[in-house]
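The file final-v4.txt contains compact mmCIF, C-alpha atoms:
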# COMPACT_ATOMS: atom_id res chain seq x y z
CA MET A 1 -30.94 -41.74 -36.93
CA ALA A 2 -31.52 -37.99 -37.29
CA ARG A 3 -30.57 -35.77 -34.37
CA VAL A 4 -33.67 -34.49 -32.55
CA PHE A 5 -33.33 -31.24 -30.65
CA SER A 6 -35.45 -30.40 -27.62
CA ARG A 7 -37.20 -27.07 -28.19
CA LEU A 8 -37.58 -24.48 -25.43
CA LEU A 9 -41.06 -23.17 -26.25
CA ASP A 10 -43.65 -24.48 -23.81
CA PRO A 11 -47.06 -25.24 -25.36
CA PRO A 12 -49.88 -22.86 -24.35
CA LYS A 13 -52.88 -24.28 -22.53
CA LYS A 14 -55.42 -22.57 -24.80
CA THR A 15 -55.92 -21.69 -28.47
CA PHE A 16 -52.84 -20.07 -30.01
CA LEU A 17 -51.35 -18.85 -33.28
CA LEU A 18 -47.83 -20.15 -33.92
CA LEU A 19 -45.94 -17.98 -36.41
CA GLY A 20 -42.55 -18.90 -37.79
CA PRO A 21 -40.69 -19.24 -41.09
CA ARG A 22 -40.87 -22.45 -43.06
CA GLY A 23 -38.42 -25.11 -41.92
CA THR A 24 -38.09 -23.96 -38.32
CA GLY A 25 -39.79 -27.10 -37.00
CA LYS A 26 -43.31 -25.92 -36.15
CA SER A 27 -44.98 -29.13 -37.36
CA THR A 28 -42.48 -31.36 -35.53
CA TRP A 29 -43.00 -29.38 -32.31
CA LEU A 30 -46.80 -29.62 -32.66
CA ALA A 31 -46.67 -33.37 -33.33
CA LYS A 32 -44.70 -33.83 -30.11
CA HIS A 33 -46.96 -31.73 -27.89
CA PHE A 34 -50.34 -32.44 -29.53
CA PRO A 35 -50.08 -36.05 -30.75
CA ARG A 36 -53.83 -36.72 -30.53
CA ALA A 37 -54.98 -33.53 -32.22
CA VAL A 38 -56.88 -33.60 -35.50
CA ARG A 39 -54.52 -32.11 -38.07
CA ILE A 40 -55.44 -30.13 -41.19
CA ASP A 41 -52.40 -29.34 -43.34
CA LEU A 42 -53.06 -26.64 -45.91
CA LEU A 43 -49.76 -27.39 -47.64
CA HIS A 44 -51.52 -30.48 -49.00
CA THR A 45 -53.09 -29.47 -52.30
CA GLU A 46 -56.27 -31.51 -51.81
CA GLN A 47 -57.04 -29.98 -48.42
CA LEU A 48 -56.04 -26.51 -49.60
CA TYR A 49 -58.50 -26.38 -52.50
CA ARG A 50 -61.21 -28.12 -50.52
CA TYR A 51 -61.22 -25.45 -47.82
CA ARG A 52 -60.69 -22.58 -50.23
CA SER A 53 -63.85 -23.57 -52.04
CA ASN A 54 -65.86 -24.07 -48.86
CA PRO A 55 -64.32 -23.02 -45.51
CA SER A 56 -67.49 -24.10 -43.67
CA LEU A 57 -66.47 -27.75 -44.23
CA LEU A 58 -64.32 -27.33 -41.14
CA ARG A 59 -67.44 -27.61 -38.97
CA SER A 60 -68.34 -31.09 -40.18
CA ASP A 61 -64.70 -32.22 -40.28
CA LEU A 62 -64.33 -31.39 -36.57
CA SER A 63 -67.80 -32.56 -35.51
CA GLY A 64 -66.34 -35.36 -33.41
CA LEU A 65 -64.25 -33.09 -31.19
CA ARG A 66 -65.41 -32.22 -27.70
CA ALA A 67 -64.75 -29.13 -25.60
CA GLY A 68 -61.10 -28.90 -24.59
CA GLU A 69 -59.84 -31.18 -27.36
CA TRP A 70 -57.36 -29.91 -29.92
CA ALA A 71 -57.23 -29.36 -33.67
CA VAL A 72 -54.10 -28.26 -35.55
CA ILE A 73 -54.47 -26.01 -38.61
CA ASP A 74 -51.15 -25.82 -40.49
CA GLU A 75 -50.32 -22.75 -42.64
CA ALA A 76 -53.57 -20.88 -42.00
CA GLN A 77 -52.55 -17.97 -44.23
CA LYS A 78 -53.32 -20.21 -47.19
CA VAL A 79 -57.06 -19.95 -46.38
CA PRO A 80 -57.53 -16.87 -44.17
CA ASP A 81 -61.33 -17.29 -44.17
CA LEU A 82 -60.89 -20.42 -42.08
CA LEU A 83 -60.20 -18.23 -39.07
CA ASP A 84 -63.83 -17.09 -39.03
CA GLU A 85 -64.88 -20.75 -38.88
CA ILE A 86 -62.33 -21.42 -36.15
CA HIS A 87 -63.68 -18.48 -34.19
CA GLY A 88 -67.21 -19.82 -34.45
CA LEU A 89 -66.21 -23.33 -33.36
CA TYR A 90 -64.21 -21.96 -30.45
CA GLU A 91 -67.12 -19.84 -29.24
CA ALA A 92 -69.80 -22.49 -29.72
CA ARG A 93 -67.97 -25.65 -28.67
CA ARG A 94 -64.81 -24.52 -26.86
CA ILE A 95 -62.52 -26.57 -29.11
CA ASN A 96 -58.86 -25.56 -28.76
CA PHE A 97 -56.87 -24.75 -31.88
CA ALA A 98 -53.15 -24.69 -32.61
CA ILE A 99 -52.92 -22.53 -35.74
CA THR A 100 -49.63 -22.19 -37.59
CA GLY A 101 -48.54 -19.71 -40.21
CA SER A 102 -45.38 -18.67 -42.05
CA SER A 103 -46.82 -15.30 -43.11
CA ALA A 104 -48.84 -12.69 -41.27
CA ARG A 105 -49.36 -10.64 -44.44
CA LYS A 106 -52.25 -12.57 -45.96
CA LEU A 107 -53.99 -12.81 -42.60
CA ARG A 108 -53.75 -9.07 -42.02
CA ARG A 109 -54.71 -8.10 -45.57
CA ALA A 110 -57.76 -10.34 -45.46
CA ASP A 111 -58.84 -8.42 -42.35
CA VAL A 112 -59.78 -11.68 -40.71
CA ASN A 113 -60.98 -11.91 -37.15
CA LEU A 114 -58.06 -13.31 -35.17
CA LEU A 115 -60.45 -14.96 -32.73
CA GLY A 116 -61.42 -11.63 -31.24
CA GLY A 117 -58.09 -11.42 -29.43
CA ARG A 118 -58.70 -14.77 -27.71
CA ALA A 119 -55.77 -16.57 -29.37
CA ILE A 120 -52.31 -16.29 -27.86
CA ARG A 121 -49.60 -15.38 -30.37
CA CYS A 122 -46.40 -17.42 -30.20
CA ASP A 123 -43.36 -16.98 -32.45
CA PHE A 124 -41.13 -19.84 -33.54
CA PHE A 125 -37.50 -19.53 -34.57
CA PRO A 126 -34.65 -21.63 -35.95
CA LEU A 127 -32.72 -23.58 -33.36
CA ALA A 128 -31.26 -21.51 -30.54
CA TRP A 129 -27.94 -22.50 -28.98
CA GLY A 130 -29.85 -23.16 -25.76
CA GLU A 131 -31.52 -26.00 -27.71
CA ILE A 132 -28.37 -27.25 -29.48
CA LYS A 133 -25.78 -27.10 -26.65
CA GLN A 134 -23.14 -29.11 -28.51
CA ALA A 135 -19.83 -27.49 -29.40
CA SER A 136 -19.45 -29.80 -32.39
CA PHE A 137 -22.34 -27.99 -34.11
CA LEU A 138 -20.92 -24.48 -33.76
CA ASP A 139 -18.92 -24.40 -37.00
CA ALA A 140 -21.94 -25.69 -38.92
CA CYS A 141 -24.14 -23.01 -37.34
CA LEU A 142 -21.72 -20.28 -38.40
CA ALA A 143 -21.37 -21.70 -41.90
CA TYR A 144 -24.97 -22.63 -42.67
CA GLY A 145 -27.28 -21.23 -39.99
CA THR A 146 -29.52 -23.10 -37.58
CA LEU A 147 -32.52 -24.42 -39.48
CA PRO A 148 -33.25 -27.95 -38.21
CA PRO A 149 -33.20 -29.61 -41.67
CA VAL A 150 -29.77 -28.08 -42.28
CA LEU A 151 -28.17 -29.08 -38.97
CA THR A 152 -29.61 -32.61 -39.03
CA ASP A 153 -28.25 -33.22 -42.55
CA PRO A 154 -25.08 -31.09 -42.85
CA ALA A 155 -23.81 -33.04 -45.86
CA HIS A 156 -26.63 -31.53 -47.94
CA ALA A 157 -26.75 -28.11 -46.26
CA ALA A 158 -26.00 -26.12 -49.43
CA ASP A 159 -28.63 -27.98 -51.46
CA THR A 160 -31.23 -27.61 -48.69
CA LEU A 161 -30.67 -23.87 -48.39
CA ALA A 162 -30.67 -23.25 -52.14
CA SER A 163 -33.94 -25.16 -52.38
CA TYR A 164 -35.33 -23.18 -49.43
CA VAL A 165 -34.87 -19.87 -51.24
CA GLY A 166 -36.43 -21.24 -54.42
CA THR A 167 -39.41 -22.60 -52.48
CA TYR A 168 -39.85 -19.26 -50.72
CA LEU A 169 -39.97 -17.38 -54.01
CA GLN A 170 -42.33 -19.88 -55.60
CA GLU A 171 -44.73 -20.68 -52.76
CA GLU A 172 -44.68 -17.66 -50.48
CA ILE A 173 -44.26 -14.90 -53.05
CA ALA A 174 -45.52 -16.10 -56.43
CA ALA A 175 -48.27 -18.50 -55.29
CA GLU A 176 -49.65 -16.07 -52.73
CA ALA A 177 -49.42 -13.16 -55.20
CA LEU A 178 -47.64 -10.94 -52.68
CA THR A 179 -46.14 -9.00 -55.56
CA ARG A 180 -47.23 -8.78 -59.21
CA ASN A 181 -43.85 -9.50 -60.76
CA ILE A 182 -41.57 -12.09 -59.20
CA GLN A 183 -38.43 -11.17 -61.19
CA PRO A 184 -37.79 -7.73 -59.63
CA PHE A 185 -38.45 -9.25 -56.20
CA ALA A 186 -35.96 -12.06 -56.84
CA ARG A 187 -33.40 -9.45 -57.86
CA PHE A 188 -34.15 -7.42 -54.74
CA LEU A 189 -33.88 -10.52 -52.53
CA GLN A 190 -30.35 -11.20 -53.72
CA VAL A 191 -29.23 -7.60 -53.14
CA ALA A 192 -30.91 -7.41 -49.72
CA ALA A 193 -29.15 -10.63 -48.67
CA LYS A 194 -25.80 -9.07 -49.53
CA HIS A 195 -26.63 -6.31 -47.02
CA HIS A 196 -27.44 -8.82 -44.26
CA ALA A 197 -26.49 -7.71 -40.73
CA GLN A 198 -25.59 -4.18 -41.89
CA VAL A 199 -27.09 -0.74 -41.36
CA LEU A 200 -29.86 -0.47 -43.93
CA ASN A 201 -29.45 1.96 -46.81
CA VAL A 202 -32.67 1.60 -48.82
CA GLU A 203 -31.48 3.95 -51.55
CA ARG A 204 -28.38 1.83 -52.13
CA VAL A 205 -30.41 -1.38 -52.26
CA ALA A 206 -32.82 0.22 -54.74
CA GLN A 207 -29.94 1.39 -56.92
CA GLN A 208 -28.16 -1.96 -56.91
CA ALA A 209 -31.38 -3.88 -57.62
CA ALA A 210 -32.49 -1.33 -60.28
CA ILE A 211 -35.87 -0.95 -58.56
CA LYS A 212 -37.73 2.15 -57.41
CA ARG A 213 -37.22 3.22 -53.81
CA ARG A 214 -40.91 2.93 -52.87
CA THR A 215 -41.02 -0.59 -54.35
CA VAL A 216 -38.00 -1.60 -52.26
CA ASP A 217 -39.78 -0.32 -49.14
CA THR A 218 -42.72 -2.59 -50.01
CA TYR A 219 -40.39 -5.53 -50.63
CA PHE A 220 -38.75 -5.13 -47.21
CA GLU A 221 -42.23 -5.18 -45.69
CA ILE A 222 -42.90 -8.45 -47.51
CA LEU A 223 -39.70 -9.95 -46.07
CA GLU A 224 -40.80 -8.97 -42.58
CA ASP A 225 -44.41 -10.09 -43.06
CA THR A 226 -43.31 -13.49 -44.35
CA LEU A 227 -40.94 -13.69 -41.35
CA LEU A 228 -37.84 -13.99 -43.52
CA GLY A 229 -36.23 -10.83 -42.18
CA LEU A 230 -36.41 -8.06 -39.61
CA ARG A 231 -35.31 -4.49 -39.27
CA LEU A 232 -33.51 -3.94 -35.97
CA PRO A 233 -34.22 -0.31 -35.02
CA ALA A 234 -31.54 2.11 -33.93
CA TYR A 235 -31.29 3.00 -30.26
CA ARG A 236 -31.05 6.77 -29.88
CA PRO A 237 -30.71 7.87 -26.24
CA GLY A 238 -29.53 11.30 -27.36
CA VAL A 239 -26.36 11.22 -25.26
CA ARG A 240 -23.99 11.63 -28.23
CA SER A 241 -24.05 13.52 -31.48
CA LYS A 242 -24.26 11.65 -34.80
CA GLU A 243 -26.20 8.69 -33.42
CA VAL A 244 -27.24 6.51 -36.35
CA ALA A 245 -30.98 6.63 -37.05
CA HIS A 246 -31.23 3.85 -39.64
CA PRO A 247 -32.09 0.26 -38.67
CA LYS A 248 -29.96 -2.78 -39.33
CA PHE A 249 -31.48 -5.48 -41.50
CA TYR A 250 -31.12 -9.17 -40.68
CA PHE A 251 -32.43 -12.27 -42.37
CA PHE A 252 -33.87 -14.63 -39.76
CA ASP A 253 -31.10 -17.14 -40.49
CA ALA A 254 -27.56 -16.57 -41.79
CA GLY A 255 -27.67 -19.69 -43.97
CA VAL A 256 -30.81 -18.47 -45.72
CA ALA A 257 -29.16 -15.07 -46.23
CA LEU A 258 -26.12 -16.78 -47.75
CA ALA A 259 -28.30 -18.77 -50.15
CA ALA A 260 -30.41 -15.74 -51.08
CA ALA A 261 -27.24 -13.79 -51.88
CA GLY A 262 -26.15 -16.56 -54.25
CA TRP A 263 -23.07 -17.31 -52.14
CA ILE A 264 -24.06 -20.65 -50.64
CA ARG A 265 -21.26 -22.55 -52.44
CA GLU A 266 -18.62 -19.86 -51.98
CA THR A 267 -15.82 -19.77 -49.43
CA MET A 268 -16.79 -16.78 -47.35
CA PRO A 269 -14.41 -14.14 -45.90
CA ASP A 270 -14.06 -13.53 -42.17
CA GLU A 271 -16.38 -10.54 -42.43
CA TRP A 272 -19.30 -12.84 -43.23
CA ARG A 273 -18.36 -15.12 -40.33
CA GLY A 274 -18.80 -12.05 -38.13
CA PHE A 275 -22.25 -11.41 -39.62
CA SER A 276 -23.15 -15.08 -39.04
CA PHE A 277 -22.10 -14.90 -35.42
CA GLU A 278 -24.12 -11.72 -34.91
CA THR A 279 -27.13 -13.52 -36.37
CA LEU A 280 -26.57 -16.45 -34.04
CA VAL A 281 -26.50 -14.15 -31.00
CA LEU A 282 -29.53 -12.21 -32.24
CA GLY A 283 -31.43 -15.46 -32.78
CA GLU A 284 -30.66 -16.44 -29.20
CA LEU A 285 -31.93 -13.10 -27.89
CA ARG A 286 -35.11 -13.23 -30.00
CA ALA A 287 -35.94 -16.82 -29.05
CA PHE A 288 -35.42 -16.21 -25.33
CA ASN A 289 -37.30 -12.91 -25.43
CA SER A 290 -40.28 -14.57 -27.12
CA TYR A 291 -40.36 -18.05 -25.56
CA ARG A 292 -40.02 -16.66 -22.04
CA ARG A 293 -42.55 -13.86 -22.71
CA LYS A 294 -40.14 -11.09 -21.81
CA ASP A 295 -41.38 -8.82 -24.63
CA LYS A 296 -38.36 -6.54 -24.41
CA ARG A 297 -37.47 -4.28 -27.33
CA LEU A 298 -34.20 -4.97 -29.16
CA PHE A 299 -32.06 -2.33 -30.88
CA HIS A 300 -28.60 -1.67 -32.30
CA TYR A 301 -26.61 1.41 -31.33
CA SER A 302 -24.13 3.23 -33.57
CA VAL A 303 -22.38 6.58 -33.52
CA ILE A 304 -21.07 7.69 -36.91
CA GLY A 305 -17.28 7.62 -37.05
CA ALA A 306 -16.97 6.47 -33.44
CA PHE A 307 -18.34 3.04 -32.53
CA ASP A 308 -21.23 0.65 -32.76
CA ILE A 309 -22.80 -1.86 -30.41
CA ASP A 310 -24.52 -4.85 -31.93
CA PHE A 311 -27.48 -5.21 -29.57
CA VAL A 312 -29.22 -3.12 -26.97
CA VAL A 313 -32.01 -4.75 -24.95
CA GLU A 314 -34.38 -2.28 -23.35
CA THR A 315 -35.05 -3.83 -19.94
CA GLN A 316 -37.21 -0.94 -18.69
CA LYS A 317 -39.15 1.55 -20.79
CA LYS A 318 -39.04 5.25 -20.14
CA VAL A 319 -42.21 6.16 -18.24
CA LEU A 320 -42.80 9.80 -17.31
CA ASN A 321 -39.66 10.91 -15.46
CA ARG A 322 -38.32 7.39 -14.98
CA PRO A 323 -35.48 6.73 -17.45
CA ALA A 324 -35.23 3.72 -19.69
CA ARG A 325 -32.75 1.01 -18.74
CA PHE A 326 -30.91 -1.38 -21.00
CA VAL A 327 -28.36 -4.16 -21.46
CA ALA A 328 -25.65 -3.72 -24.12
CA ILE A 329 -24.16 -6.68 -26.01
CA GLU A 330 -21.26 -6.79 -28.48
CA ALA A 331 -20.62 -10.01 -30.48
CA LYS A 332 -17.22 -10.88 -31.95
CA ALA A 333 -16.52 -14.01 -34.01
CA SER A 334 -13.05 -14.37 -32.55
CA SER A 335 -11.32 -16.86 -30.25
CA GLY A 336 -9.58 -13.96 -28.50
CA TRP A 337 -11.02 -10.78 -27.03
CA ARG A 338 -9.21 -7.51 -27.71
CA SER A 339 -9.21 -4.86 -25.01
CA GLU A 340 -10.23 -2.14 -27.50
CA TRP A 341 -13.54 -3.94 -27.99
CA ASN A 342 -14.45 -2.94 -24.45
CA ARG A 343 -14.38 0.75 -25.34
CA PRO A 344 -17.85 1.07 -26.97
CA LEU A 345 -19.43 -0.94 -24.15
CA ALA A 346 -17.65 1.14 -21.50
CA MET A 347 -18.69 4.37 -23.25
CA ILE A 348 -22.35 3.46 -23.37
CA ALA A 349 -22.11 2.32 -19.75
CA GLU A 350 -21.26 5.92 -18.89
CA HIS A 351 -24.83 6.78 -19.91
CA GLY A 352 -25.83 5.66 -16.42
CA ALA A 353 -29.05 3.75 -17.14
CA ILE A 354 -27.34 0.51 -18.07
CA ASP A 355 -27.97 -2.76 -16.24
CA ALA A 356 -24.98 -4.58 -17.73
CA ALA A 357 -22.58 -4.62 -20.69
CA TYR A 358 -21.51 -7.91 -22.24
CA GLY A 359 -19.02 -9.01 -24.82
CA VAL A 360 -19.75 -12.37 -26.45
CA TYR A 361 -17.08 -14.24 -28.35
CA LEU A 362 -15.86 -17.68 -29.48
CA GLY A 363 -13.14 -18.02 -26.88
CA LYS A 364 -13.19 -20.11 -23.71
CA LYS A 365 -12.48 -17.67 -20.88
CA THR A 366 -14.78 -15.36 -18.95
CA ILE A 367 -13.20 -11.92 -18.63
CA VAL A 368 -14.42 -9.21 -16.27
CA ASN A 369 -13.06 -5.71 -16.89
CA ASP A 370 -14.68 -2.87 -14.95
CA ALA A 371 -18.18 -2.39 -16.40
CA VAL A 372 -17.79 -5.07 -19.09
CA THR A 373 -18.24 -8.83 -18.73
CA VAL A 374 -16.92 -10.90 -21.64
CA LEU A 375 -18.43 -14.37 -21.99
CA PRO A 376 -17.88 -17.37 -24.25
CA PHE A 377 -20.93 -17.83 -26.43
CA ALA A 378 -22.05 -21.06 -24.75
CA GLU A 379 -21.78 -19.44 -21.31
CA PHE A 380 -23.69 -16.38 -22.52
CA SER A 381 -26.45 -18.68 -23.78
CA ARG A 382 -26.55 -20.58 -20.49
CA ARG A 383 -26.87 -17.37 -18.47
CA LEU A 384 -29.44 -15.96 -20.88
CA TRP A 385 -31.78 -18.96 -20.58
CA ALA A 386 -31.22 -18.98 -16.81
CA GLY A 387 -32.63 -15.42 -16.77
CA ASP A 388 -29.36 -13.82 -15.69
CA ILE A 389 -28.84 -11.48 -18.69
CA PHE A 390 -32.27 -9.80 -18.73
Target encoding structure tokens, full file:
Amino acid sequence: MARVFSRLLDPPKKTFLLLGPRGTGKSTWLAKHFPRAVRIDLLHTEQLYRYRSNPSLLRSDLSGLRAGEWAVIDEAQKVPDLLDEIHGLYEARRINFAITGSSARKLRRADVNLLGGRAIRCDFFPLAWGEIKQASFLDACLAYGTLPPVLTDPAHAADTLASYVGTYLQEEIAAEALTRNIQPFARFLQVAAKHHAQVLNVERVAQQAAIKRRTVDTYFEILEDTLLGLRLPAYRPGVRSKEVAHPKFYFFDAGVALAAAGWIRETMPDEWRGFSFETLVLGELRAFNSYRRKDKRLFHYSVIGAFDIDFVVETQKKVLNRPARFVAIEAKASSGWRSEWNRPLAMIAEHGAIDAAYGVYLGKKTIVNDAVTVLPFAEFSRRLWAGDIF
């Protein structure tokens, strides 16, 4: 029997848009929380072409629903015009809709009416450690990421991830015509994946992929719009010279990055294990920040030739003369914590507007050293979801 993980996103009480990459478990989550809802799955070819040819068919298809009852529309970006019909049904009959999507690009480009601002936006992510909670899964998470289909069938993880990348290129990019020529994008995707979890140098990516710089900029936008990646902006408090201004780029899942790079069947060096652990910690922060409606901004902080800090969470924005406040987090894929790793955290703590500085590692002991608290990953996750980190 397949392992079923309990997800930490609570279902909204009114119409909402659920955005998340393919394979994160949106449909499974919806089936659990909305078992009686009428479901329209636009990944099914018959339904897709039916609604593309005549979106108004939605009215007759949902004629039996009463006010307050639910309908699920899966992968709405496939037929963006359906949102106008959904808007009309919501206004006229007060039917609730759970609308899913794995791409915001088509919806935005179609300039559709997102229910006049009436729909709540929710984001969905791969499994967070707060949902897994089993030490036996940690090595698999670091090796292959945290997509549910991967963790529930680890024997076929490499095949699943390789297929995932191929499906993304075929269905999200080629089928949706997000770029005119799929071959340069496929080449870019492989190069971008090799720069996963690193400070982004667009010129270098363009050179290695043999693609124009402005085209690479567009391709990174496509990765973000299809929820496959994100640029983590640089935090620049202006307290030190040579603060890095460039963002870091992360794929949403380290296993997907590994497959996109063409390395899914390779034995990876320790450096990649470090990138995987960073991605695991970032995924935890993003899921908590979104699911608990914290809406805090996340950054990285680096000073050229001096130090870097993996994650900075802005807990309070700068408003007029009130300074911004933040939490600093450094992740190390090591079973032991070295004292020199405290130095960057202690240095940023000297800035004075810090709430806390944390080290997160794969060891078993909690270590408190002046301004820095070092936590095992599982304990960090527990405190995070308890609301004790930010």
Within 12 Å of Gln207 of chain A using only C-alpha atoms, minus same-chain residues under 5 positions, as an NGL selection string: :A and (187-188 or 191-192 or 201-202 or 212-216)
With distances taken over only C-alpha atoms, which of A:Arg383, A:His196, A:Lys32, A:Arg52 is nearest to Gly130 of chain A?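 Checking each of A:Arg383, A:His196, A:Lys32, A:Arg52 against Gly130 of chain A, counting only C-alpha atoms, the winner is A:Arg383.
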Smallest atom-to-atom distance to Ile389 of chain A: which of A:Tyr301, A:Tyr164, A:Tyr49, A:Phe288, using only C-alpha atoms?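 Between A:Tyr301, A:Tyr164, A:Tyr49, A:Phe288, the residue approaching Ile389 of chain A most closely is A:Phe288.
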Can you tell me, as a list in words, what residues are no more than 8 Å from segment 328-332 of chain A when counting only C-alpha atoms, ignoring any on the same chain fewer than 4 positions away? Gly274, Phe277, Glu278, Val281, Ile309, Asp310, Phe311, Val312, Val313, Trp337, Leu345, Ile348, Ile354, Ala356, Ala357, Tyr358, Gly359, Val360, Tyr361 and Leu362 of chain A
Please determine the residues with any atom at most 12 Å from (-65.3, -26.6, -41.1) (coordinates as given in the file, with all atoms listed in the file counting) and report them as a PyMOL selection string. chain A and resi 40+47+50-65+71+73+79+81-90
From the list A:Ser290, A:Thr373, A:Ser163, A:Ser339, which residue is nearest Gly255 of chain A when using all atoms listed in the file?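 Closest candidate: A:Ser163.
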Neighbourhood query: residues within 10 Å of (-37.9, -29.6, -39.7), file coordinates, counting all atoms listed in the file; return as a PyMOL selection string. chain A and resi 4+22-29+126+147-152
Distance atom CA of Ala333 of chain A-atom CA of Phe377 of chain A, one decimal place? 9.6 Å
